[in-house]
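*Asks:* Structure incoming, see below.
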Amino acid sequence: MSQQQTNMDWMLKDLAEGVPQTRHVIVLSADGLRMAQYGAETDTADRLAAACAGLQSLAGAVASELPGSSGRMRLVVIEMDGGFFYLMAAGAGAFLAVLADEGVDAGLMGQRMRDLVARIGEHLSSPPRRDGQPA
């Protein structure tokens with residue numbers, strides 16, 4: 001386990017336990033690599049992180065169609081049978097993803113995610129990769 005993940009574990013746990021019905025909290029890089037997790041097995045977190053890379057790319061492409069938009073994705077919320085999925089930009093090249101049951105308080109989740117990003121944004125940035133390794 002990396003030092004960065006150890007430093008974020010308690011913050012991710014705080015989000016998960018502070019918003020009832022939260023299942024998984026994941027921090028990922030823009031290229032879909034899991035950086036930290038809480039509440040999810042490693043394989044689940046890796047699959048969600050990989051899916052998020054495509055989702056944030058798609059959201060950015062749609063955002064670029066708005067006049068005056070930078071094309072940067074800030075928040076995606078997906079409501080589905082059984083729950084919600086949240087993906088929020090969380091620093092340079094990093095994202096915060098949450099999977100929650102359908103009874104979750106959506107307003108509270110958004111607020112707590114923004115608070116978490118503001119508190120630890122500098123820890124959530126992911127340096128660019130070169131040849132599969134951090135630069």
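Going by the structure tokens order, chains are called A, B, ..., each with residues numbered from 1, while ligands are numbered from 1 in the order shown.
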Which neighbours of Pro20 in chain A fall inside 9 Å, counting only C-alpha atoms, when residues of the same chain fewer than 5 positions from it are skipped, and could you give them as a list of chain:residue names?
*Replies:*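 Answer for this query is A:Ala100, A:Asp101, A:Gly103, A:Val104, A:Asp105.
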*Asks:* DSSP on the backbone, then: every residue of range 9-112 of chain A marked strand (DSSP E), written as a tab-separated table (two decimals) with C-alpha atoms, in the first residue's frame.
*Replies:*
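File written: part04.tsv
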```tsv
chain	number	residue	atom	x	y	z
A	22	THR	CA	-22.47	4.81	0.72
A	23	ARG	CA	-20.99	1.59	-0.67
A	24	HIS	CA	-17.66	2.43	-2.29
A	25	VAL	CA	-15.35	5.46	-2.41
A	26	ILE	CA	-12.51	5.46	-4.92
A	27	VAL	CA	-9.83	7.93	-5.92
A	28	LEU	CA	-8.54	7.41	-9.44
A	29	SER	CA	-6.23	8.99	-11.96
A	34	ARG	CA	-7.05	3.31	-8.76
A	35	MET	CA	-5.08	5.48	-6.34
A	36	ALA	CA	-7.03	4.79	-3.13
A	37	GLN	CA	-10.25	3.09	-2.08
A	38	TYR	CA	-12.61	2.46	0.79
A	75	LEU	CA	-19.37	16.35	-11.71
A	76	VAL	CA	-21.27	13.44	-13.23
A	77	VAL	CA	-24.21	11.82	-11.43
A	78	ILE	CA	-25.84	8.67	-12.72
A	79	GLU	CA	-29.08	7.43	-11.21
A	80	MET	CA	-29.77	3.76	-11.86
A	83	GLY	CA	-28.53	3.51	-6.49
A	84	PHE	CA	-26.40	6.39	-7.62
A	85	PHE	CA	-22.93	6.85	-9.03
A	86	TYR	CA	-21.00	10.10	-8.54
A	87	LEU	CA	-17.79	11.14	-10.30
A	88	MET	CA	-16.14	14.45	-9.35
A	89	ALA	CA	-12.96	16.12	-10.56
A	94	ALA	CA	-7.50	12.88	-10.38
A	95	PHE	CA	-11.13	12.05	-9.66
A	96	LEU	CA	-13.28	10.99	-6.72
A	97	ALA	CA	-15.90	8.33	-7.41
A	98	VAL	CA	-18.68	7.11	-5.11
A	99	LEU	CA	-21.21	4.31	-5.51
A	100	ALA	CA	-24.21	4.56	-3.16
A	101	ASP	CA	-27.53	2.84	-2.53
```
*Asks:* Write out as a list in words the residues lying within 10 Å of Arg114 in chain A, counting only C-alpha atoms and excluding same-chain residues fewer than 2 positions away.
*Replies:* Leu75, Met88, Ala89, Ala90, Leu96, Leu108, Met109, Gly110, Gln111, Arg112, Leu116, Val117, Ala118, Arg119 and Gly121 of chain A
*Asks:* Atoms to include: C-alpha atoms. Write the selected residues as a PDB file, in the first residue's frame.
*Replies:*
```
ATOM      1  CA  LEU A  75     -19.375  16.348 -11.708  1.00  0.00           C
ATOM      2  CA  MET A  88     -16.145  14.445  -9.353  1.00  0.00           C
ATOM      3  CA  ALA A  89     -12.963  16.121 -10.558  1.00  0.00           C
ATOM      4  CA  ALA A  90     -10.574  16.156  -7.606  1.00  0.00           C
ATOM      5  CA  LEU A  96     -13.283  10.995  -6.717  1.00  0.00           C
ATOM      6  CA  LEU A 108     -25.420  15.563   1.407  1.00  0.00           C
ATOM      7  CA  MET A 109     -23.287  13.358  -0.843  1.00  0.00           C
ATOM      8  CA  GLY A 110     -22.495  16.233  -3.196  1.00  0.00           C
ATOM      9  CA  GLN A 111     -21.617  18.521  -0.301  1.00  0.00           C
ATOM     10  CA  ARG A 112     -19.399  15.960   1.431  1.00  0.00           C
ATOM     11  CA  LEU A 116     -13.368  16.222   0.725  1.00  0.00           C
ATOM     12  CA  VAL A 117     -11.969  17.460  -2.576  1.00  0.00           C
ATOM     13  CA  ALA A 118     -11.332  20.898  -1.063  1.00  0.00           C
ATOM     14  CA  ARG A 119      -9.557  19.412   1.980  1.00  0.00           C
ATOM     15  CA  GLY A 121      -7.183  18.277  -3.434  1.00  0.00           C
TER      16      GLY A 121
END
```
*Asks:* Once DSSP has gone over the backbone, tell me which residues of range 38-123 of chain A are in helix (DSSP H, G or I), as a PyMOL selection string.
*Replies:* chain A and resi 42-63+106-123
*Asks:* Deliver the residues from the most recent selection as a file, using N, CA, C and O atoms, as a compact mmCIF listing (two decimals), in the first residue's frame.
*Replies:*
```
# COMPACT_ATOMS: atom_id res chain seq x y z
N THR A 42 -10.38 -4.77 -4.07
CA THR A 42 -9.45 -4.23 -5.05
C THR A 42 -9.94 -4.43 -6.48
O THR A 42 -9.90 -3.50 -7.29
N ASP A 43 -10.43 -5.62 -6.81
CA ASP A 43 -10.90 -5.88 -8.18
C ASP A 43 -12.09 -4.98 -8.54
O ASP A 43 -12.16 -4.45 -9.65
N THR A 44 -13.01 -4.81 -7.61
CA THR A 44 -14.17 -3.94 -7.84
C THR A 44 -13.71 -2.51 -8.04
O THR A 44 -14.15 -1.82 -8.97
N ALA A 45 -12.82 -2.04 -7.18
CA ALA A 45 -12.31 -0.67 -7.28
C ALA A 45 -11.59 -0.46 -8.61
O ALA A 45 -11.74 0.59 -9.24
N ASP A 46 -10.82 -1.44 -9.04
CA ASP A 46 -10.10 -1.33 -10.31
C ASP A 46 -11.07 -1.26 -11.49
O ASP A 46 -10.87 -0.47 -12.42
N ARG A 47 -12.13 -2.07 -11.48
CA ARG A 47 -13.13 -2.03 -12.56
C ARG A 47 -13.84 -0.68 -12.59
O ARG A 47 -14.04 -0.09 -13.66
N LEU A 48 -14.23 -0.19 -11.43
CA LEU A 48 -14.91 1.11 -11.38
C LEU A 48 -13.98 2.23 -11.84
O LEU A 48 -14.40 3.13 -12.56
N ALA A 49 -12.74 2.19 -11.43
CA ALA A 49 -11.77 3.22 -11.83
C ALA A 49 -11.58 3.22 -13.34
O ALA A 49 -11.55 4.28 -13.98
N ALA A 50 -11.49 2.04 -13.93
CA ALA A 50 -11.33 1.95 -15.39
C ALA A 50 -12.56 2.50 -16.11
O ALA A 50 -12.44 3.23 -17.09
N ALA A 51 -13.74 2.17 -15.61
CA ALA A 51 -14.97 2.69 -16.22
C ALA A 51 -15.04 4.21 -16.09
O ALA A 51 -15.53 4.89 -17.01
N CYS A 52 -14.56 4.74 -15.00
CA CYS A 52 -14.58 6.19 -14.77
C CYS A 52 -13.73 6.94 -15.78
O CYS A 52 -14.05 8.08 -16.14
N ALA A 53 -12.65 6.35 -16.24
CA ALA A 53 -11.80 7.01 -17.23
C ALA A 53 -12.60 7.30 -18.49
O ALA A 53 -12.54 8.40 -19.04
N GLY A 54 -13.37 6.34 -18.94
CA GLY A 54 -14.22 6.55 -20.10
C GLY A 54 -15.32 7.55 -19.85
O GLY A 54 -15.63 8.39 -20.69
N LEU A 55 -15.90 7.48 -18.67
CA LEU A 55 -17.00 8.38 -18.32
C LEU A 55 -16.53 9.83 -18.24
O LEU A 55 -17.18 10.73 -18.77
N GLN A 56 -15.38 10.06 -17.62
CA GLN A 56 -14.90 11.44 -17.53
C GLN A 56 -14.50 11.97 -18.90
O GLN A 56 -14.68 13.14 -19.21
N SER A 57 -13.99 11.11 -19.75
CA SER A 57 -13.65 11.52 -21.11
C SER A 57 -14.91 11.90 -21.90
O SER A 57 -14.94 12.92 -22.58
N LEU A 58 -15.94 11.09 -21.78
CA LEU A 58 -17.20 11.36 -22.45
C LEU A 58 -17.81 12.66 -21.94
O LEU A 58 -18.26 13.50 -22.72
N ALA A 59 -17.82 12.86 -20.63
CA ALA A 59 -18.38 14.08 -20.05
C ALA A 59 -17.60 15.31 -20.52
O ALA A 59 -18.20 16.36 -20.80
N GLY A 60 -16.31 15.19 -20.61
CA GLY A 60 -15.49 16.30 -21.10
C GLY A 60 -15.80 16.64 -22.54
O GLY A 60 -15.86 17.81 -22.93
N ALA A 61 -16.02 15.61 -23.36
CA ALA A 61 -16.37 15.84 -24.77
C ALA A 61 -17.71 16.55 -24.89
O ALA A 61 -17.87 17.47 -25.71
N VAL A 62 -18.67 16.15 -24.09
CA VAL A 62 -19.98 16.81 -24.11
C VAL A 62 -19.84 18.25 -23.61
O VAL A 62 -20.40 19.17 -24.19
N ALA A 63 -19.07 18.45 -22.55
CA ALA A 63 -18.88 19.80 -21.99
C ALA A 63 -18.25 20.74 -23.01
O ALA A 63 -18.57 21.93 -23.03
N ALA A 106 -28.73 12.69 -1.76
CA ALA A 106 -27.91 13.17 -2.86
C ALA A 106 -27.28 14.53 -2.56
O ALA A 106 -26.13 14.78 -2.93
N GLY A 107 -28.01 15.40 -1.91
CA GLY A 107 -27.47 16.71 -1.56
C GLY A 107 -26.32 16.61 -0.58
O GLY A 107 -25.28 17.28 -0.75
N LEU A 108 -26.48 15.77 0.43
CA LEU A 108 -25.42 15.56 1.41
C LEU A 108 -24.20 14.95 0.74
O LEU A 108 -23.05 15.35 1.02
N MET A 109 -24.42 14.00 -0.16
CA MET A 109 -23.29 13.36 -0.84
C MET A 109 -22.50 14.39 -1.64
O MET A 109 -21.27 14.45 -1.56
N GLY A 110 -23.18 15.22 -2.41
CA GLY A 110 -22.50 16.23 -3.20
C GLY A 110 -21.70 17.19 -2.32
O GLY A 110 -20.55 17.52 -2.62
N GLN A 111 -22.30 17.60 -1.23
CA GLN A 111 -21.62 18.52 -0.30
C GLN A 111 -20.39 17.87 0.32
O GLN A 111 -19.31 18.47 0.37
N ARG A 112 -20.53 16.65 0.79
CA ARG A 112 -19.40 15.96 1.43
C ARG A 112 -18.28 15.66 0.43
O ARG A 112 -17.11 15.71 0.78
N MET A 113 -18.65 15.34 -0.81
CA MET A 113 -17.62 15.12 -1.82
C MET A 113 -16.86 16.41 -2.10
O MET A 113 -15.64 16.41 -2.18
N ARG A 114 -17.58 17.53 -2.25
CA ARG A 114 -16.92 18.83 -2.48
C ARG A 114 -16.01 19.18 -1.31
O ARG A 114 -14.89 19.67 -1.51
N ASP A 115 -16.48 18.94 -0.10
CA ASP A 115 -15.66 19.22 1.09
C ASP A 115 -14.39 18.38 1.09
O ASP A 115 -13.30 18.88 1.39
N LEU A 116 -14.53 17.11 0.75
CA LEU A 116 -13.37 16.22 0.72
C LEU A 116 -12.37 16.67 -0.34
O LEU A 116 -11.16 16.73 -0.08
N VAL A 117 -12.86 17.00 -1.51
CA VAL A 117 -11.97 17.46 -2.58
C VAL A 117 -11.24 18.73 -2.15
O VAL A 117 -10.04 18.88 -2.38
N ALA A 118 -11.95 19.65 -1.51
CA ALA A 118 -11.33 20.90 -1.06
C ALA A 118 -10.26 20.64 0.00
O ALA A 118 -9.20 21.28 -0.01
N ARG A 119 -10.51 19.69 0.90
CA ARG A 119 -9.56 19.41 1.98
C ARG A 119 -8.30 18.74 1.48
O ARG A 119 -7.21 18.99 1.99
N ILE A 120 -8.44 17.84 0.54
CA ILE A 120 -7.27 17.04 0.16
C ILE A 120 -6.95 17.10 -1.32
O ILE A 120 -6.26 16.25 -1.84
N GLY A 121 -7.41 18.15 -2.00
CA GLY A 121 -7.18 18.28 -3.43
C GLY A 121 -5.73 18.11 -3.83
O GLY A 121 -5.43 17.46 -4.83
N GLU A 122 -4.81 18.67 -3.05
CA GLU A 122 -3.40 18.55 -3.42
C GLU A 122 -2.89 17.12 -3.29
O GLU A 122 -1.97 16.72 -3.99
N HIS A 123 -3.52 16.31 -2.45
CA HIS A 123 -3.13 14.91 -2.31
C HIS A 123 -3.74 14.04 -3.41
O HIS A 123 -3.30 12.92 -3.63
```
*Asks:* Measure the distance from CA of Gly71 in chain A to CA of Leu12 in chain A in Å and round it to one decimal.
*Replies:*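 If I compute the distance from CA of Gly71 in chain A to CA of Leu12 in chain A, I get 27.4 Å.
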*Asks:* Please determine, counting only C-alpha atoms, which residue among A:Pro67, A:Gly82, A:Gly18, A:Gly93 has the shortest atom-to-atom distance to Ala30 in chain A.
*Replies:*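 Of A:Pro67, A:Gly82, A:Gly18, A:Gly93, the one nearest Ala30 in chain A, counting only C-alpha atoms, is A:Gly93.
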*Asks:* For CA of Leu15 in chain A and CA of Arg74 in chain A, quote the distance in Å rounded to one decimal.
*Replies:*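 Distance reported for this atom pair: 18.5 Å.
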